[in-house]
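What follows is one structure encoded as structure tokens, with my remarks underneath.
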Amino acid sequence: MAYERKFKIGEPILEVNNISLAFGGVKAITDTSFNVLEHEVRAIIGPNGAGKSSMLNCINGIYKPQQGTVSFKGKEIPNITPNIMAQMGLSRTFQNLALFKRMSVLDNILVGRKLHTKTNFIEVALQLPKVKKEEKANRDRSEEIISFLEIEDIKDTPVGKLPYGLQKKVELGRALATDSSIILLDEPMAGMNVEEKRDMCRFILKVNDELGTTMVLIEHDMGVVMDISDRVVVLDYGKVIGDGTPDEIMANQKVIDAYLGVEH
Amino acid sequence: MKPVFMTYTKKDLINLAICMVLSVIIIPTFIKTEYWYTSILIPWLCLALATIGQQIVMGYTGQLALGAAGFMAAGAFAMFNLILRVPELGFIGSLAVSGLIAAAFGILFGLPSLKVRGIYLMVATLASQFFIIWMIDKFGWFKNYDSSGIITAQDIVILGKPFTTPLAMYFVCLAVTAVLTLLAMNMARGSTGRNWMAVRDMDIAAESMGVSLLKTKVQAFAISAFYCGVAGALFAFCYLKSLEPVAFDIKLSFKILFMCILGGLGTINGAFIGAAFILLFPVLLNSVGNNVFHGAIDATIISSIEQVIFGLLMIIFMIYEPLGMAKLWENLKQKFGSKLTSSNIKNLKSSLSKKF
């Protein structure tokens, strides 16, 4: 494909070094390392229970790995919490949808603007001019994202009332609203039909292309993964069994064995 | 709808104007009996204010807290001591500082919310209820070493003018409640309220968006306790006109909790609707008992019936309309509002003309 990227793939922005995570006696991840380059679309694939979501939860600070480190933007982060990572410019979506169900679509996306909100509650209570200015800027940005995702007609609907596919879109919108430099997407296309999947792919590529946002996604649909990602890492039983471009992965015997099963 | 003033739409401003005309002009001109002011309107405003406090922590931030009356007691006794010991502050200044003192207690007793949630948090916050009342009872200083147990509240004096008639006290309560309600609405609709609700609906996601759970929860507890503290001070000075710790017992906390739930969790107007219902319902039941059954039903039975009906209503609302009476009111407005839209009227006309 003779296609010129606006944002050239650069240096590693996120590095996962020798992460091991266990829940009691169950080892979810064992000594796993990989990196994510700036501006790339990176996929994490693997059979069920391979430790993909656990991996994202370690990167984002929801789980604390027993061993290993995560470096973000060249700095090793000692005590990772979701909040610290958000402030450093890492946003995410969740596998089982973690939206604010009783709030409208617009309000959900506005929460994503939290880190661009500097006014405190007293200023908000008094509705000082700078609060109004900030609120307007945040609303404008949120409206932009809403029209980008083509969900204008549902922006005032409480999210809990929306079908699954739309909720996934809203969650992407909320992650986008943070203006993060990297977004982790945990199965953004699960439970979607072909058309919805195509839309979602288009949005992911468009964000990556236009804003240069680095995308890390977990996905089960092989066709989708091979089409949209620059590089793929394959996990099985908590270990990396393959890491490379989609073509390399498709030729990797270990990956084929893991997916199709192999006679021992 | 586009906001026309601050974050308020035209409809909001019309509602606001209606409320103001009603409370400032219509009520004072048409209601002359003192009973209405001293027994219904003043406690209604005070308890609605406390219910807003409960709404902030429970309805908006989703933290099951039970102990509003404890913070009210803190506010009331702080007010008494401030007027007694620091008279330079004046009434309004003392009211604000009493709110802040209650807020300090709110922060202290809000800290467990970081570790425990749900019913366990409710038990933890109950500590505030018992601790504050115990503290006031235990140390005579808070009651100025009064041995009688009930202290008379000082007269309200604002800028040298006494506010002692029921109507004057009603205006004091109204002014304070109106200002604080407006501030609460600004917060609830703005970024502050969004943080609260994000923590309520999905705390992990909120944290991943950069909302600090510690800051948001403690902030909600502090603001909630501030509202309860101010409400408690007004409750003691305008309604009870006396101060005794027993007046702020666990029953009052439960009453405020009921007001919050029946009115509608996560709504500001629900606080007023819930408070009105819980205050007026016993009055209504009593007058039914007296006028319809001519006293044939014993007063104790009537008060038991009241408890039974409250309990039933709580269950019914929890199952069928968790958003309470405020939501019922919205639904009602929508139902009648949509019938009267111009297109519907045209349809109605055309269907009528076809018939005849």
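Ordering of the structure tokens sets the chain letters (A, B, ...); residue numbers start at 1 within each chain; ligands are numbered from 1 in the order shown.
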* For Asp236 in chain A, list every protein, DNA or RNA residue within 7 Å, evaluated using only C-alpha atoms, and leave out those in the same chain fewer than 6 positions away; present the list as a ChimeraX atom specification. => /A:46-47,50
For the residues in the current selection, export C-alpha atoms as an mmCIF file, in the first residue's frame.
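File part-v6.cif, as written:
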data_model
loop_
_atom_site.group_PDB
_atom_site.id
_atom_site.type_symbol
_atom_site.label_atom_id
_atom_site.label_comp_id
_atom_site.auth_asym_id
_atom_site.auth_seq_id
_atom_site.Cartn_x
_atom_site.Cartn_y
_atom_site.Cartn_z
ATOM 1 C CA GLY A 46 -4.756 -14.806 22.085
ATOM 2 C CA PRO A 47 -7.218 -17.529 23.020
ATOM 3 C CA ALA A 50 -4.586 -15.954 27.725
#
* To do: Apply DSSP to the structure's backbone, then extract all residues of range 3-211 of chain A labelled alpha helix (DSSP H) and return them as a PyMOL selection string.
  => chain A and resi 52-60+82-88+105-111+121-126+129-148+164-177+194-211
Tell me, counting only C-alpha atoms, for each residue of chain B within 6 Å of chain A, which pair of atoms is nearest and how far apart they are in Å to one decimal, in rows ordered by chain and increasing number, as a tab-separated table.
residue	atom	partner	partner_atom	distance
B:Leu183	CA	A:Ala125	CA	4.7
B:Asn186	CA	A:Ala125	CA	5.0
B:Met187	CA	A:Ala125	CA	4.9
B:Thr192	CA	A:Phe121	CA	5.7
B:Ala198	CA	A:Phe100	CA	5.8
B:Asp201	CA	A:Phe100	CA	4.8
B:Met202	CA	A:Phe100	CA	5.8
B:Ala205	CA	A:Ala98	CA	5.8
B:Glu207	CA	A:Asn83	CA	5.3
B:Ser208	CA	A:Pro82	CA	4.7
B:Met209	CA	A:Gly112	CA	5.6
B:Gly210	CA	A:Asn83	CA	4.7
* All residues 12 Å or closer to Leu217 in chain A, only C-alpha atoms, same chain fewer than 4 positions away omitted, as a ChimeraX atom specification -> /A:36,40-46,52-53,55-56,91-95,172,182-190,200-201,204-205,221,224-226,228-234
Give me the residues near Gly75 in chain B as an mmCIF file with N, CA and C atoms, in the first residue's frame, where near means some atom within 6 Å (using only C-alpha atoms) and where sequence neighbours in that chain fewer than 5 positions away do not count.
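What follows is the written file out11.cif:
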data_model
loop_
_atom_site.group_PDB
_atom_site.id
_atom_site.type_symbol
_atom_site.label_atom_id
_atom_site.label_comp_id
_atom_site.auth_asym_id
_atom_site.auth_seq_id
_atom_site.Cartn_x
_atom_site.Cartn_y
_atom_site.Cartn_z
ATOM 1 N N SER B 98 -20.585 27.688 61.080
ATOM 2 C CA SER B 98 -21.152 26.428 61.603
ATOM 3 C C SER B 98 -21.189 25.381 60.503
ATOM 4 N N GLY B 99 -21.539 25.829 59.288
ATOM 5 C CA GLY B 99 -21.534 24.902 58.153
ATOM 6 C C GLY B 99 -20.145 24.332 57.941
ATOM 7 N N ALA B 102 -19.299 21.748 60.571
ATOM 8 C CA ALA B 102 -19.964 20.484 60.230
ATOM 9 C C ALA B 102 -19.228 19.800 59.078
ATOM 10 N N GLY B 229 -25.163 20.945 58.227
ATOM 11 C CA GLY B 229 -24.817 21.821 59.337
ATOM 12 C C GLY B 229 -25.613 23.111 59.313
ATOM 13 N N VAL B 230 -25.680 23.738 58.139
ATOM 14 C CA VAL B 230 -26.459 24.973 58.013
ATOM 15 C C VAL B 230 -27.933 24.679 58.280
ATOM 16 N N GLY B 232 -29.133 22.316 60.125
ATOM 17 C CA GLY B 232 -29.308 22.052 61.549
ATOM 18 C C GLY B 232 -29.368 23.343 62.347
ATOM 19 N N ALA B 233 -28.509 24.297 61.992
ATOM 20 C CA ALA B 233 -28.506 25.582 62.695
ATOM 21 C C ALA B 233 -29.845 26.289 62.495
#
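Between Ile83 in chain B and the candidates B:Thr181, B:Gln55, B:Gln129, B:Gln154, the tightest atom-to-atom separation, counting only C-alpha atoms, involves B:Gln154.
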* Identify, on the basis of only C-alpha atoms, every residue whose closest approach to Val246 in chain B does not exceed 10 Å; exclude the query and any residue fewer than 4 positions from it along the same chain; express the result as a list of chain:residue names. =>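 The residues satisfying every condition are B:Ala73, B:Ile133, B:Asp137, B:Gly149, B:Ile150, B:Ile250, B:Lys251, B:Leu252.
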Now that the selection is made, can you save its residues with C-alpha atoms as a short mmCIF file (atom, residue, chain, number, x, y, z; two decimals), in the first residue's frame?
data_model
loop_
_atom_site.label_atom_id
_atom_site.label_comp_id
_atom_site.auth_asym_id
_atom_site.auth_seq_id
_atom_site.Cartn_x
_atom_site.Cartn_y
_atom_site.Cartn_z
CA ALA B 73 -26.42 18.77 65.56
CA ILE B 133 -24.37 13.61 69.96
CA ASP B 137 -23.68 15.54 75.85
CA GLY B 149 -30.66 19.91 79.24
CA ILE B 150 -32.55 22.23 76.93
CA ILE B 250 -31.14 8.73 64.66
CA LYS B 251 -34.87 9.09 63.89
CA LEU B 252 -34.22 12.43 62.24
#
* Report as JSON, numbers by chain: the residues of range 66-201 of chain B with a DSSP assignment of strand (DSSP E or B), based on the backbone of this structure. => {"B": [151, 152, 157, 158, 161, 162]}
* What lies within 10 Å of Leu234 in chain B using only C-alpha atoms, ignoring chain neighbours under 2 positions off, as a ChimeraX atom specification? -> /B:42-43,45-47,49,72,75-76,79,95,169,172-173,176-177,228-232,236-241
* What does the distance from CA of Ile80 in chain A to CA of Cys58 in chain A come to in Å, to one decimal? ->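 Distance between the two atoms: 8.4 Å.
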I'd like the neighbourhood of Glu34 in chain B as an mmCIF file with C-alpha atoms, in the first residue's frame, where a residue qualifies if any of its atoms comes within 8 Å (using only C-alpha atoms), though same-chain residues fewer than 3 positions away should be ignored.
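The result, written out as result26.cif:
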data_model
loop_
_atom_site.group_PDB
_atom_site.id
_atom_site.type_symbol
_atom_site.label_atom_id
_atom_site.label_comp_id
_atom_site.auth_asym_id
_atom_site.auth_seq_id
_atom_site.Cartn_x
_atom_site.Cartn_y
_atom_site.Cartn_z
ATOM 1 C CA TYR B 37 -45.018 29.091 59.208
ATOM 2 C CA THR B 38 -43.874 27.662 62.525
ATOM 3 C CA PRO B 166 -42.662 33.605 62.274
ATOM 4 C CA LEU B 167 -42.871 35.441 58.950
#
